[in-house]
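Asks: I am attaching a structure below and will ask some questions about it afterwards.
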Amino acid sequence: MTRLAYLRILFLAGVLMPGWLVAQSQAADSLEQVFYQHNKDSVGIEAALALCDEWSFLQTDTAWEWARRAYALAEDLQSPSLTARSLYQLGAAAYDKRELQQAMTYFLQALERFEELGDDRRRMDTRLEIGLIYQDMGEYGQARKYLDAFYQFYARKGAAEAPNIIFALNQFVVLFEQMQEVDSMLHYARATLEAAEQYGQDKYLANIHNNLASVYLYAKDYPSAQYHFQQAERIGFGPNKVGRYYNFYALADMKQALGEPDSSAYYAKRALTVAQSFGDLEKESSIHLFLSGLYQESGDFEQAFSQLDTFTQLKDSLTALRHQRDLSELSVRYQTQEKEARITQQQLELEQEANRRNRLLFGGLLGFLLLGGAFLFWRKRQQEEARQTALELKFQQAEANRLRELSELKSNFFANISHEFRTPLTLLLGPLRDMETGQRRAEANTLARMRRQGERLLNLADQMLDLSKLESGAMPERLEQRDLTRMTALTAAAFESMAEQKHIRLHTHLPEEGTLVMLDADKIEKVLNNLLGNALKFTPDGGQVSLKLRTKPNGDQYMVRIEVQDSGPGIPPGQLSHIFERFYQGQPEGRQEGAGIGLALTRELVHFMGGDIQVESQVGQGTRFVLSIPFQKATPASAVVQATPISPDNGQPMVLITEDNPELRQYIREQLQEQYQIIEAAEGQTGLQMAQEQLPDLILSDVRMPGMDGLDFCRAIKSDERSSHIPVILLTALADQEDVRTGLLTGADAYLTKPFDAEELRIRVGQLIQQRRQLREKFARSLKDSPAPVETENPADTAFLQKVEQAVMSQLDEEDFSIEALGRAVGMSRSQLHRKIKALTDQSPSVFVRTLRLREAYRLLQAKAGNVSEVAHQVGMPNLAHFSRSFKDLFGHPPSQIS
């Protein structure tokens, strides 16, 4: 029986059966006999591994000793499988001794061997052990990663592995308890119960109800806790007396917390009776101590003293038993060593008899061999010394070459980085000196140029820090569930303004369906930004840039191919092999643009994500970058459910359904999915995160949900400027006017009472989305008709748009002011900014920024602040033809007609 099998028995059965220790001792004696009879073959290794299992948890030093013997014998026999299993047992024994670092070392070695052998089951068991060590070390992110891998492996196998699935889900509860995340504890505790019911594992239901009740007790949800405690008692624990004990003890604890001392004492005494029935002094003493405190609280000091006295006596008995157990372990170790010594003596006597018989036969031959051997040894020694000397000389020469190359690399690095810093520093310090000496005033253009150089220095420093983290292995991986198709579309949309200014056609070719994967959003955005930014920078006016995304399912992964192609001048063949080198700046036609870090960082980020990047280029025809990256498919363990594929170009409004009842969530989805893109969340906190990230067109939310309820959820949506514009419909089973009024006061736009009519649901959703669309269109018309400050009917949305307007006005003469910079100014990502502005103005961020520039130009022309060309420069649109065309498109007449 393996160590994990023991763990699962202790969790699922919850009790050591009577007589188990006696049977274990007898089994250990039998296994020792097998080991000493076969201490030269694989049977002996199997016996040693079984002995390690037998002594796990109880006599950890003995278990460690048997694991060590199994490993030594497996190494002698050169058996890869038995060596891997022995390393696993060494890790398990070290873990039981709480030597965590040593245990981690052995488990990692075992994991490597099992992967080489293709032993998936033991590989997953080892990953779980590593996750448990990370959990004990407090590295919860790593612990969750390994535990999730274990769960996913067995979840894919379904009912056949139900005990492992239940065990893994329960371990998630333990993990989140240590992290003090109550909502997640409840989620996985419920999931454990659902899995047991789904797979028909009735024998575990009492324990699982007990565990779920304990989580509710931890969350101070006493009615739910009592319900599940009673369910556990109703189902019954069978022979599992430990489960019954914990059931009564927890009920006693809960009743005490509720201020019901009589009920608490009743359940505590029932727990005591159960503990006495299987002779567990540790559990008996705990109950007596609990009762002592309970009686002391109620003022019955005589009973309190009596219980405390009994507790003290039991603790003395436990101490004596521990001493006896320690002596027993020493005795076992002594007897084992004595048996080994006896066997060794017998083997020695046999060898001595054989040696005596053979001594005369080989005596003469040995003398001859000694003489010849001495000569051969001397000859061999001379050859080895000569070879060693040659190797040392070769090593010294190689080391000298390496140090010289390292010195050259350092010199080149400092020369290149000094050059990169000198240019922006010159453009910063020069104007500063002029201002100090009074030769120049602090003009807006000069300050803007200085700010650009400061930002260039900051960007260079950020890229160097990223490269440094990647090379040192300190770059963290922050995986999250995202729709890669949608994310790619939004990233491309952020470059529309830049492409429009250069009259470049930016084409995107994306899958029609969404691609829900686990990815590091920051890293993939940096990769796409670098490639698209370079493509647009080196493509001449009137050219074209294309972005293609292709996905191919491959088991539990998507193989993703991303292509970025431009129609620029191309890269000469002599430079193509160097473009990913740090600080390389070989540009076509001798242009020296950028720091030469962007592509180096891009390649390192792609490799970090487990992918590859290639480049193809022809001079005069353009350049194409091709990325191949594997992404893990999003797992069902998350509370987020992506119900229907999201296509960034299908034009359908997006609706978020936040509802903890899966059947009702499915019903609502079926009513709406033909007309809307549907995304789903099973609880309020997850729904809030999805709403702030994806900014849907409308939200449907239940009022009664675990954790964050619908009222708090609605309040959070309406108070956050990222999501304040989103209409919210609250669903409730309560028809009381006070509840309706409370919901509407949180900012809800409508209220539906369950049970609701499907047609009414569709009408309410359609009306709210249509009203929002009409408001957008009205606002878009007002931007053209009136130069007054931007305002909406929602004060929070007006404040947001004014913040955007202020950010644009502060950089009005800055032609290169990007959507990314605007997002930083208002505290939003590019995708959030895009959906928010689109929802309010019916315009993309780039078009809205252009509208604000043109409105200011209209005002300046009316105020006669300059001629058309001067005003175009003042509002950051120096291309006069582009400015005039855009002005006419917005206002219906050219700027020259403004009087």
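Starting from 1 in every chain, residues are counted up; chains themselves are A, B, ... following the order of the structure tokens, and ligands are numbered from 1 as listed.
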Might you pull out every residue within 12 Å of A:Ser810, with only C-alpha atoms counted and same-chain residues fewer than 6 positions away left off, and present them as a ChimeraX atom specification?
Replies: /A:444,447-448,803-804,817,821-822,825,852-853,874-876
Asks: So that I can see what lies close to stretch 204-210 of chain A, please list as a list in words the residues with an atom at most 6 Å from it, counting only C-alpha atoms and leaving out residues fewer than 6 positions away in the same chain.
Replies: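 So, after excluding close chain neighbours, the residues are His228, Phe229, Ala232, Ile235 and Phe237 of chain A.
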Asks: As a PDB file with all heavy atoms, in the first residue's frame, please: the residues near stretch 478-491 of chain A (cut-off 6 Å, only C-alpha atoms, same-chain neighbours under 3 positions excluded).
Replies:
ATOM      1  N   ALA A 494      -5.910  48.969 -30.301  1.00  0.00           N
ATOM      2  CA  ALA A 494      -5.186  50.076 -29.689  1.00  0.00           C
ATOM      3  C   ALA A 494      -4.216  50.742 -30.667  1.00  0.00           C
ATOM      4  O   ALA A 494      -3.766  51.870 -30.431  1.00  0.00           O
ATOM      5  CB  ALA A 494      -4.418  49.582 -28.465  1.00  0.00           C
ATOM      6  N   GLY A 514     -14.196  32.206 -29.759  1.00  0.00           N
ATOM      7  CA  GLY A 514     -13.230  32.596 -28.740  1.00  0.00           C
ATOM      8  C   GLY A 514     -12.290  31.451 -28.410  1.00  0.00           C
ATOM      9  O   GLY A 514     -12.568  30.281 -28.686  1.00  0.00           O
ATOM     10  N   THR A 515     -11.140  31.790 -27.818  1.00  0.00           N
ATOM     11  CA  THR A 515     -10.138  30.792 -27.419  1.00  0.00           C
ATOM     12  C   THR A 515      -9.829  31.016 -25.947  1.00  0.00           C
ATOM     13  O   THR A 515      -9.014  31.869 -25.587  1.00  0.00           O
ATOM     14  CB  THR A 515      -8.849  30.937 -28.263  1.00  0.00           C
ATOM     15  OG1 THR A 515      -9.199  30.972 -29.649  1.00  0.00           O
ATOM     16  CG2 THR A 515      -7.910  29.774 -27.995  1.00  0.00           C
ATOM     17  N   LEU A 516     -10.499  30.254 -25.079  1.00  0.00           N
ATOM     18  CA  LEU A 516     -10.374  30.448 -23.635  1.00  0.00           C
ATOM     19  C   LEU A 516      -9.188  29.646 -23.114  1.00  0.00           C
ATOM     20  O   LEU A 516      -9.192  28.411 -23.148  1.00  0.00           O
ATOM     21  CB  LEU A 516     -11.661  30.012 -22.943  1.00  0.00           C
ATOM     22  CG  LEU A 516     -11.951  30.635 -21.580  1.00  0.00           C
ATOM     23  CD1 LEU A 516     -12.075  32.147 -21.701  1.00  0.00           C
ATOM     24  CD2 LEU A 516     -13.209  30.048 -20.982  1.00  0.00           C
ATOM     25  N   VAL A 517      -8.145  30.342 -22.652  1.00  0.00           N
ATOM     26  CA  VAL A 517      -6.905  29.680 -22.232  1.00  0.00           C
ATOM     27  C   VAL A 517      -6.410  30.295 -20.924  1.00  0.00           C
ATOM     28  O   VAL A 517      -6.906  31.316 -20.465  1.00  0.00           O
ATOM     29  CB  VAL A 517      -5.802  29.822 -23.308  1.00  0.00           C
ATOM     30  CG1 VAL A 517      -6.194  29.127 -24.589  1.00  0.00           C
ATOM     31  CG2 VAL A 517      -5.480  31.291 -23.576  1.00  0.00           C
ATOM     32  N   MET A 518      -5.414  29.633 -20.340  1.00  0.00           N
ATOM     33  CA  MET A 518      -4.703  30.172 -19.187  1.00  0.00           C
ATOM     34  C   MET A 518      -3.429  30.826 -19.704  1.00  0.00           C
ATOM     35  O   MET A 518      -2.590  30.161 -20.331  1.00  0.00           O
ATOM     36  CB  MET A 518      -4.360  29.062 -18.191  1.00  0.00           C
ATOM     37  CG  MET A 518      -5.556  28.287 -17.691  1.00  0.00           C
ATOM     38  SD  MET A 518      -6.799  29.324 -16.878  1.00  0.00           S
ATOM     39  CE  MET A 518      -5.882  29.875 -15.445  1.00  0.00           C
ATOM     40  N   LEU A 519      -3.269  32.132 -19.485  1.00  0.00           N
ATOM     41  CA  LEU A 519      -2.104  32.827 -20.019  1.00  0.00           C
ATOM     42  C   LEU A 519      -1.677  33.950 -19.073  1.00  0.00           C
ATOM     43  O   LEU A 519      -2.419  34.351 -18.185  1.00  0.00           O
ATOM     44  CB  LEU A 519      -2.378  33.383 -21.420  1.00  0.00           C
ATOM     45  CG  LEU A 519      -3.589  34.297 -21.665  1.00  0.00           C
ATOM     46  CD1 LEU A 519      -3.358  35.697 -21.133  1.00  0.00           C
ATOM     47  CD2 LEU A 519      -3.903  34.367 -23.148  1.00  0.00           C
ATOM     48  N   ASP A 520      -0.453  34.437 -19.294  1.00  0.00           N
ATOM     49  CA  ASP A 520       0.067  35.605 -18.584  1.00  0.00           C
ATOM     50  C   ASP A 520      -0.209  36.817 -19.472  1.00  0.00           C
ATOM     51  O   ASP A 520       0.502  37.061 -20.449  1.00  0.00           O
ATOM     52  CB  ASP A 520       1.563  35.427 -18.323  1.00  0.00           C
ATOM     53  CG  ASP A 520       2.113  36.494 -17.376  1.00  0.00           C
ATOM     54  OD1 ASP A 520       1.680  37.650 -17.496  1.00  0.00           O
ATOM     55  OD2 ASP A 520       2.961  36.169 -16.539  1.00  0.00           O
ATOM     56  N   PRO A 648     -14.951  38.728 -31.426  1.00  0.00           N
ATOM     57  CA  PRO A 648     -14.824  40.167 -31.272  1.00  0.00           C
ATOM     58  C   PRO A 648     -15.504  40.955 -32.377  1.00  0.00           C
ATOM     59  O   PRO A 648     -15.721  42.136 -32.234  1.00  0.00           O
ATOM     60  CB  PRO A 648     -13.315  40.389 -31.280  1.00  0.00           C
ATOM     61  CG  PRO A 648     -12.755  39.215 -31.996  1.00  0.00           C
ATOM     62  CD  PRO A 648     -13.670  38.074 -31.686  1.00  0.00           C
ATOM     63  N   SER A 831      -7.814  47.280 -23.077  1.00  0.00           N
ATOM     64  CA  SER A 831      -9.080  46.617 -23.388  1.00  0.00           C
ATOM     65  C   SER A 831     -10.222  47.232 -22.581  1.00  0.00           C
ATOM     66  O   SER A 831     -11.326  47.424 -23.108  1.00  0.00           O
ATOM     67  CB  SER A 831      -8.971  45.123 -23.116  1.00  0.00           C
ATOM     68  OG  SER A 831      -8.641  44.882 -21.771  1.00  0.00           O
TER      69      SER A 831
END
Asks: Need to verify the contact set: A:Tyr246, 8 Å, only C-alpha atoms, exclusion of same-chain residues closer than 3 positions in sequence. Can you return it as a ChimeraX atom specification?
Replies: /A:210,242-243,249-250,271
Asks: At a cut-off of 6 Å, using only C-alpha atoms, what residues contact stretch 604-618 of chain A? Leave out same-chain residues fewer than 3 positions from it and give the result as an mmCIF file with N, CA, C and O atoms, in the first residue's frame.
Replies:
data_model
loop_
_atom_site.group_PDB
_atom_site.id
_atom_site.type_symbol
_atom_site.label_atom_id
_atom_site.label_comp_id
_atom_site.auth_asym_id
_atom_site.auth_seq_id
_atom_site.Cartn_x
_atom_site.Cartn_y
_atom_site.Cartn_z
ATOM 1 N N GLY A 570 11.838 45.766 -45.418
ATOM 2 C CA GLY A 570 12.497 44.474 -45.220
ATOM 3 C C GLY A 570 13.834 44.613 -44.516
ATOM 4 O O GLY A 570 14.341 45.717 -44.292
ATOM 5 N N ILE A 571 14.410 43.465 -44.163
ATOM 6 C CA ILE A 571 15.682 43.420 -43.436
ATOM 7 C C ILE A 571 16.704 42.698 -44.298
ATOM 8 O O ILE A 571 16.441 41.577 -44.759
ATOM 9 N N LEU A 601 13.795 41.267 -25.873
ATOM 10 C CA LEU A 601 12.835 40.991 -24.813
ATOM 11 C C LEU A 601 11.685 40.129 -25.336
ATOM 12 O O LEU A 601 11.227 39.195 -24.649
ATOM 13 N N GLN A 621 10.076 43.938 -49.816
ATOM 14 C CA GLN A 621 8.751 43.314 -49.769
ATOM 15 C C GLN A 621 8.160 43.262 -48.367
ATOM 16 O O GLN A 621 6.951 43.149 -48.204
ATOM 17 N N GLY A 622 8.989 43.326 -47.354
ATOM 18 C CA GLY A 622 8.455 43.348 -45.999
ATOM 19 C C GLY A 622 9.010 42.233 -45.125
ATOM 20 O O GLY A 622 9.856 41.436 -45.541
ATOM 21 N N THR A 623 8.491 42.189 -43.894
ATOM 22 C CA THR A 623 8.978 41.257 -42.872
ATOM 23 C C THR A 623 7.803 40.566 -42.208
ATOM 24 O O THR A 623 6.745 41.167 -42.025
ATOM 25 N N ARG A 624 8.009 39.290 -41.842
ATOM 26 C CA ARG A 624 6.967 38.536 -41.150
ATOM 27 C C ARG A 624 7.563 37.837 -39.934
ATOM 28 O O ARG A 624 8.580 37.139 -40.042
ATOM 29 N N PHE A 625 6.944 38.059 -38.764
ATOM 30 C CA PHE A 625 7.311 37.353 -37.539
ATOM 31 C C PHE A 625 6.259 36.291 -37.259
ATOM 32 O O PHE A 625 5.050 36.562 -37.349
ATOM 33 N N VAL A 626 6.695 35.090 -36.920
ATOM 34 C CA VAL A 626 5.796 33.959 -36.667
ATOM 35 C C VAL A 626 6.076 33.413 -35.266
ATOM 36 O O VAL A 626 7.199 33.022 -34.963
ATOM 37 N N LEU A 627 5.040 33.408 -34.417
ATOM 38 C CA LEU A 627 5.156 32.894 -33.053
ATOM 39 C C LEU A 627 4.368 31.595 -32.931
ATOM 40 O O LEU A 627 3.250 31.498 -33.448
ATOM 41 N N SER A 628 4.928 30.605 -32.266
ATOM 42 C CA SER A 628 4.224 29.355 -31.955
ATOM 43 C C SER A 628 4.309 29.154 -30.450
ATOM 44 O O SER A 628 5.401 28.985 -29.902
ATOM 45 N N ILE A 629 3.164 29.200 -29.777
ATOM 46 C CA ILE A 629 3.139 29.119 -28.316
ATOM 47 C C ILE A 629 2.042 28.148 -27.889
ATOM 48 O O ILE A 629 0.912 28.254 -28.354
#
Asks: Which residues, written as a list in words, have at least one atom at most 9 Å from A:Tyr199, with only C-alpha atoms counted and residues fewer than 2 positions away on the same chain left out?
Replies: Gly158, Ala159, Ala160, Ala162, Glu194, Ala195, Ala196, Glu197, Gln201 and Asp202 of chain A
Asks: Restrict the calculation to only C-alpha atoms, then for each residue of stretch 641-713 of chain A with any atom at most 12 Å from an atom of stretch 179-189 of chain A give the closest atom pair and their distance in Å to one decimal, rows by chain and rising residue number, as JSON lines.
Replies:
{"residue": "A:Asp660", "atom": "CA", "partner": "A:His187", "partner_atom": "CA", "distance": 10.5}
{"residue": "A:Ala682", "atom": "CA", "partner": "A:His187", "partner_atom": "CA", "distance": 9.6}
{"residue": "A:Glu683", "atom": "CA", "partner": "A:Asp183", "partner_atom": "CA", "distance": 9.2}
{"residue": "A:Gly684", "atom": "CA", "partner": "A:Asp183", "partner_atom": "CA", "distance": 10.3}
{"residue": "A:Gln685", "atom": "CA", "partner": "A:Asp183", "partner_atom": "CA", "distance": 9.1}
{"residue": "A:Thr686", "atom": "CA", "partner": "A:Asp183", "partner_atom": "CA", "distance": 10.6}
{"residue": "A:Met705", "atom": "CA", "partner": "A:Asp183", "partner_atom": "CA", "distance": 11.1}
{"residue": "A:Pro706", "atom": "CA", "partner": "A:Asp183", "partner_atom": "CA", "distance": 7.7}
{"residue": "A:Gly707", "atom": "CA", "partner": "A:Asp183", "partner_atom": "CA", "distance": 5.9}
{"residue": "A:Met708", "atom": "CA", "partner": "A:Asp183", "partner_atom": "CA", "distance": 9.0}
{"residue": "A:Asp709", "atom": "CA", "partner": "A:Asp183", "partner_atom": "CA", "distance": 11.8}
Asks: Taking only C-alpha atoms into account, name the residue in A:Tyr134, A:Tyr71, A:Phe248, A:Tyr218 that is nearest to A:Leu100.
Replies: A:Tyr134
Asks: By how many Å are atom CA of A:Gln276 and atom CA of A:Thr310 apart?
Replies: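 Rounded to one decimal, the two atoms are 13.3 Å apart.
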Asks: Could you check the closest approach to A:Asp842 for each of A:Lys157, A:Lys220, A:Lys778, A:Lys888 and tell me which residue wins, using only C-alpha atoms?
Replies: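 Closest candidate: A:Lys778.
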Asks: Can you list, as a list in words, every residue of stretch 495-549 of chain A that DSSP puts in strand (DSSP E or B)?
Replies: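 After running DSSP on the backbone, stretch 495-549 of chain A has strand (DSSP E or B) at Arg505, Leu506, His507, Thr508, His509, Leu516, Val517, Met518, Leu519, Gln544, Val545, Ser546, Leu547, Lys548 and Leu549 of chain A.
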Asks: Using N, CA, C and O atoms, can you write the selected residues to a file as a PDB file, in the first residue's frame?
Replies:
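Result file part.pdb:
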ATOM      1  N   ARG A 505      -3.079  50.438 -43.682  1.00  0.00           N
ATOM      2  CA  ARG A 505      -4.217  49.541 -43.496  1.00  0.00           C
ATOM      3  C   ARG A 505      -3.805  48.426 -42.534  1.00  0.00           C
ATOM      4  O   ARG A 505      -2.893  47.649 -42.829  1.00  0.00           O
ATOM      5  N   LEU A 506      -4.488  48.382 -41.401  1.00  0.00           N
ATOM      6  CA  LEU A 506      -4.191  47.366 -40.376  1.00  0.00           C
ATOM      7  C   LEU A 506      -5.265  46.276 -40.450  1.00  0.00           C
ATOM      8  O   LEU A 506      -6.435  46.508 -40.133  1.00  0.00           O
ATOM      9  N   HIS A 507      -4.875  45.063 -40.905  1.00  0.00           N
ATOM     10  CA  HIS A 507      -5.808  43.949 -41.074  1.00  0.00           C
ATOM     11  C   HIS A 507      -5.640  42.958 -39.918  1.00  0.00           C
ATOM     12  O   HIS A 507      -4.518  42.663 -39.498  1.00  0.00           O
ATOM     13  N   THR A 508      -6.758  42.448 -39.407  1.00  0.00           N
ATOM     14  CA  THR A 508      -6.699  41.384 -38.399  1.00  0.00           C
ATOM     15  C   THR A 508      -7.462  40.172 -38.912  1.00  0.00           C
ATOM     16  O   THR A 508      -8.574  40.307 -39.446  1.00  0.00           O
ATOM     17  N   HIS A 509      -6.884  38.991 -38.777  1.00  0.00           N
ATOM     18  CA  HIS A 509      -7.505  37.728 -39.181  1.00  0.00           C
ATOM     19  C   HIS A 509      -7.557  36.846 -37.937  1.00  0.00           C
ATOM     20  O   HIS A 509      -6.540  36.258 -37.533  1.00  0.00           O
ATOM     21  N   LEU A 516     -10.499  30.254 -25.079  1.00  0.00           N
ATOM     22  CA  LEU A 516     -10.374  30.448 -23.635  1.00  0.00           C
ATOM     23  C   LEU A 516      -9.188  29.646 -23.114  1.00  0.00           C
ATOM     24  O   LEU A 516      -9.192  28.411 -23.148  1.00  0.00           O
ATOM     25  N   VAL A 517      -8.145  30.342 -22.652  1.00  0.00           N
ATOM     26  CA  VAL A 517      -6.905  29.680 -22.232  1.00  0.00           C
ATOM     27  C   VAL A 517      -6.410  30.295 -20.924  1.00  0.00           C
ATOM     28  O   VAL A 517      -6.906  31.316 -20.465  1.00  0.00           O
ATOM     29  N   MET A 518      -5.414  29.633 -20.340  1.00  0.00           N
ATOM     30  CA  MET A 518      -4.703  30.172 -19.187  1.00  0.00           C
ATOM     31  C   MET A 518      -3.429  30.826 -19.704  1.00  0.00           C
ATOM     32  O   MET A 518      -2.590  30.161 -20.331  1.00  0.00           O
ATOM     33  N   LEU A 519      -3.269  32.132 -19.485  1.00  0.00           N
ATOM     34  CA  LEU A 519      -2.104  32.827 -20.019  1.00  0.00           C
ATOM     35  C   LEU A 519      -1.677  33.950 -19.073  1.00  0.00           C
ATOM     36  O   LEU A 519      -2.419  34.351 -18.185  1.00  0.00           O
ATOM     37  N   GLN A 544       0.703  48.432 -45.516  1.00  0.00           N
ATOM     38  CA  GLN A 544      -0.268  47.620 -44.792  1.00  0.00           C
ATOM     39  C   GLN A 544       0.437  46.694 -43.808  1.00  0.00           C
ATOM     40  O   GLN A 544       1.569  46.274 -44.030  1.00  0.00           O
ATOM     41  N   VAL A 545      -0.267  46.395 -42.713  1.00  0.00           N
ATOM     42  CA  VAL A 545       0.219  45.492 -41.674  1.00  0.00           C
ATOM     43  C   VAL A 545      -0.906  44.513 -41.368  1.00  0.00           C
ATOM     44  O   VAL A 545      -2.075  44.902 -41.289  1.00  0.00           O
ATOM     45  N   SER A 546      -0.566  43.244 -41.217  1.00  0.00           N
ATOM     46  CA  SER A 546      -1.592  42.250 -40.909  1.00  0.00           C
ATOM     47  C   SER A 546      -1.213  41.484 -39.644  1.00  0.00           C
ATOM     48  O   SER A 546      -0.031  41.236 -39.381  1.00  0.00           O
ATOM     49  N   LEU A 547      -2.245  41.121 -38.888  1.00  0.00           N
ATOM     50  CA  LEU A 547      -2.087  40.316 -37.678  1.00  0.00           C
ATOM     51  C   LEU A 547      -2.993  39.101 -37.815  1.00  0.00           C
ATOM     52  O   LEU A 547      -4.206  39.240 -37.983  1.00  0.00           O
ATOM     53  N   LYS A 548      -2.395  37.897 -37.747  1.00  0.00           N
ATOM     54  CA  LYS A 548      -3.172  36.665 -37.884  1.00  0.00           C
ATOM     55  C   LYS A 548      -3.028  35.834 -36.613  1.00  0.00           C
ATOM     56  O   LYS A 548      -1.930  35.715 -36.063  1.00  0.00           O
ATOM     57  N   LEU A 549      -4.134  35.246 -36.179  1.00  0.00           N
ATOM     58  CA  LEU A 549      -4.132  34.350 -35.021  1.00  0.00           C
ATOM     59  C   LEU A 549      -4.803  33.044 -35.440  1.00  0.00           C
ATOM     60  O   LEU A 549      -5.935  33.042 -35.921  1.00  0.00           O
TER      61      LEU A 549
END
